[in-house]
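> Just passing along the structure, written as structure tokens.
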Number of protein chains: 2
Amino acid sequence: MPDLPKILDRRTSRPGGLFEVETLELEFSNGVQRTYERLLNSGLGAVIVVPLLDNDTVVLLREYCAGFHRYELGLVKGRLDPGESHVEAADRELKEEAGYGAGRIEIINSLSMAPAYMSHETVVVLARDLYPCRLQGDEPEPIETVTWPLADLHELALREDMTEGRTVAALYLARDYLENES
Amino acid sequence: MPDLPKILDRRTSRPGGLFEVETLELEFSNGVQRTYERLLNSGLGAVIVVPLLDNDTVVLLREYCAGFHRYELGLVKGRLDPGESHVEAADRELKEEAGYGAGRIEIINSLSMAPAYMSHETVVVLARDLYPCRLQGDEPEPIETVTWPLADLHELALREDMTEGRTVAALYLARDYLENES
């Protein structure tokens, strides 16, 4: 493992905004100096939830995605509120976004987005023993749910409205987890 | 499929910077109005490359990741240069970052990062028939390569230095692609 670069200087712009940028002046262990920019993550952490109706049926959401200005299929996701654990946040988001509570919630992995310039970390959670339960969230409109067989992940991942790396990864990780369990 | 929200207003901040933010004033089809922020992507597109030494051995990189200020395992990745196709960019990045050319390069899918507030799209490419070939890139230090059996993806994804959603997704998608092929 190489020695980490030395941070010679760091400064922040847009303090307090949703997207805060930090500029790092780095010196690598071979003496090369470079300027890096990274997005700071002011959040308390995030979860992505794989809710299973049974061992082969996952619940997906169809949600508006401003990045592409289109609707996409994806998993329940959200940020932790102050004082919440990942499991508590997963339980709340599942109730707000999908209308289900879960009798069993397990953490199975953790994913980043673009570690080269982002520090977001999203904990992957498996939710089982689902029961209908809805909490009021801050969504601008009702979210449609769609079920999909875990056996057909490859076909799902080829859809043009199913693109997010963490979503695709979380579904495959959940399938592996279930296979190892049985 | 719901009707898309109307964009009532849009404005941009940090024009020209690496991270450009657009604020959207939206009206959803149910009349609810909301303000959304999204990161604009000024690039020409990006590729993530799954390079195979044989049908069960993938080449990974160990690279400095400023987002977490640590070294991580990942795949060859990069942005398109002006005039380049995705396949040409994959070929160049593979030579710059991993020191391999590829006799066969195929596009197998496309992944986003956080479609809720980013418009980045990364084309997933499978590279086969590798041969040693190095191009000089703009990396600050030599990049170490590591090989890993595709059969052990689950174990790889559980490593603490292998976290990126797109990387994990691309590896599973490549394995599915190879299984469907054979």
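Residues in the structure tokens are named by chain (A, B, ... in the order shown) and by number from 1 within that chain; ligands are numbered from 1 in the order shown.
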Need the shell around range 22-38 of chain B: protein/DNA/RNA residues with any atom at most 7 Å away, counting only C-alpha atoms. Skip same-chain ones fewer than 6 positions apart. Format as JSON, numbers by chain?
{"A": [66, 67, 140, 141], "B": [3, 4, 5, 6, 7, 8, 9, 10, 11, 12, 13, 117, 118]}
> Neighbouring residues of Gly99 in chain B were defined as those with any atom within 10 Å, considering only C-alpha atoms; residues of the same chain fewer than 3 positions away were excluded. Please report them as an MDAnalysis selection string.
chainID B and resid 92:96 130:136 143 145
> Write out, as CSV, each residue of chain B that has an atom at most 6 Å from chain A, together with the closest pair of atoms and their distance in Å to one decimal, counting only C-alpha atoms, rows going by chain and rising number.

residue,atom,partner,partner_atom,distance
B:Arg38,CA,A:Gly67,CA,5.8
B:Cys65,CA,A:Ala116,CA,4.1
B:Ala66,CA,A:Ala116,CA,5.1
B:Gly67,CA,A:Met118,CA,4.3
B:Phe68,CA,A:Ser119,CA,5.4
B:Leu111,CA,A:Thr163,CA,4.7
B:Ser112,CA,A:Glu164,CA,4.6
B:Met113,CA,A:Glu164,CA,5.4
B:Pro115,CA,A:Gly67,CA,4.8
B:Ala116,CA,A:Cys65,CA,4.1
B:Tyr117,CA,A:Gly67,CA,4.3
B:Met118,CA,A:Gly67,CA,4.3
B:Ser119,CA,A:Gly67,CA,4.5
B:Thr163,CA,A:Leu111,CA,4.7
B:Glu164,CA,A:Ser112,CA,4.6
B:Gly165,CA,A:Arg166,CA,4.2
B:Arg166,CA,A:Gly165,CA,4.2
B:Val168,CA,A:Ala169,CA,5.6
B:Ala169,CA,A:Ala169,CA,4.4
> So that I can check the surroundings of Val47 in chain A, please list as a VMD selection string every protein, DNA and RNA residue that reaches within 6 Å of it, counting only C-alpha atoms and ignoring chain neighbours fewer than 3 positions away.
chain A and resid 77 to 78 122 to 124
> Generate the output file for the selected residues, C-alpha atoms, as a compact mmCIF listing (two decimals), in the first residue's frame.

# COMPACT_ATOMS: atom_id res chain seq x y z
CA LYS A 77 -32.88 5.51 -0.21
CA GLY A 78 -32.33 8.33 2.19
CA THR A 122 -24.32 4.54 1.64
CA VAL A 123 -25.02 1.56 3.87
CA VAL A 124 -26.79 -1.31 2.07
> Can you list, as number ranges by chain, every residue of chain A that DSSP puts in strand (DSSP E or B)?
A: 6-13, 20-27, 33-40, 46-54, 57-65, 70-74, 76-79, 100-112, 118, 121-132, 144-149, 164
> Give me, as a list in words, all polymer residues having an atom no more than 12 Å from Glu84 in chain B, counting only C-alpha atoms and skipping those fewer than 3 positions away in the same chain.
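Final neighbour list, sorted by chain and number: Leu44, Gly45, Ala46, Val47, Gly78, Arg79, Leu80, Asp81, Val87, Glu88, Ala89, Ala90, Asp91, Arg92 and Glu93 of chain B.
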> Next, the residues of the selection above should be written as a compact mmCIF listing (two decimals), in the first residue's frame with N, CA, C and O atoms.

# COMPACT_ATOMS: atom_id res chain seq x y z
N LEU B 44 -17.87 15.12 -21.60
CA LEU B 44 -18.33 14.53 -22.86
C LEU B 44 -18.82 13.10 -22.66
O LEU B 44 -19.16 12.41 -23.60
N GLY B 45 -18.82 12.66 -21.42
CA GLY B 45 -19.17 11.27 -21.13
C GLY B 45 -18.00 10.58 -20.47
O GLY B 45 -16.89 11.12 -20.42
N ALA B 46 -18.24 9.37 -19.97
CA ALA B 46 -17.20 8.65 -19.24
C ALA B 46 -17.33 7.16 -19.49
O ALA B 46 -18.38 6.67 -19.91
N VAL B 47 -16.25 6.44 -19.23
CA VAL B 47 -16.26 4.99 -19.36
C VAL B 47 -15.70 4.35 -18.10
O VAL B 47 -14.86 4.93 -17.40
N GLY B 78 -12.48 6.77 -16.84
CA GLY B 78 -12.03 8.07 -17.31
C GLY B 78 -13.07 8.76 -18.16
O GLY B 78 -14.08 8.17 -18.53
N ARG B 79 -12.79 10.03 -18.43
CA ARG B 79 -13.70 10.82 -19.25
C ARG B 79 -13.26 10.81 -20.71
O ARG B 79 -12.08 10.66 -21.00
N LEU B 80 -14.20 11.03 -21.59
CA LEU B 80 -13.90 11.09 -23.01
C LEU B 80 -13.17 12.38 -23.34
O LEU B 80 -13.52 13.46 -22.84
N ASP B 81 -12.16 12.29 -24.19
CA ASP B 81 -11.53 13.48 -24.76
C ASP B 81 -12.37 13.92 -25.97
O ASP B 81 -13.13 13.12 -26.53
N VAL B 87 -15.50 3.61 -26.94
CA VAL B 87 -14.53 2.51 -27.12
C VAL B 87 -13.11 3.07 -27.21
O VAL B 87 -12.18 2.51 -26.61
N GLU B 88 -12.94 4.18 -27.92
CA GLU B 88 -11.60 4.78 -28.02
C GLU B 88 -11.11 5.27 -26.66
O GLU B 88 -9.94 5.11 -26.30
N ALA B 89 -12.01 5.88 -25.89
CA ALA B 89 -11.62 6.36 -24.57
C ALA B 89 -11.25 5.19 -23.66
O ALA B 89 -10.28 5.26 -22.89
N ALA B 90 -12.02 4.09 -23.75
CA ALA B 90 -11.73 2.91 -22.93
C ALA B 90 -10.35 2.36 -23.28
O ALA B 90 -9.55 2.01 -22.40
N ASP B 91 -10.05 2.30 -24.55
CA ASP B 91 -8.76 1.79 -25.02
C ASP B 91 -7.61 2.66 -24.49
O ASP B 91 -6.61 2.16 -23.97
N ARG B 92 -7.77 3.99 -24.59
CA ARG B 92 -6.73 4.91 -24.12
C ARG B 92 -6.55 4.82 -22.61
O ARG B 92 -5.42 4.71 -22.11
N GLU B 93 -7.66 4.86 -21.87
CA GLU B 93 -7.56 4.83 -20.41
C GLU B 93 -6.93 3.51 -19.93
O GLU B 93 -6.17 3.49 -18.96
> Just the alpha helix (DSSP H) stuff from range 17-146 of chain B, please, per backbone DSSP, written as number ranges by chain.
B: 86-93
> Enter the distance from CA of Val76 in chain B to CA of Glu181 in chain B, in Å, rounded to one decimal.
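According to the coordinates, CA of Val76 in chain B and CA of Glu181 in chain B are separated by 23.0 Å.
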> One number please: CA of Pro149 in chain B to CA of Thr57 in chain B, in Å, one decimal.
4.6 Å
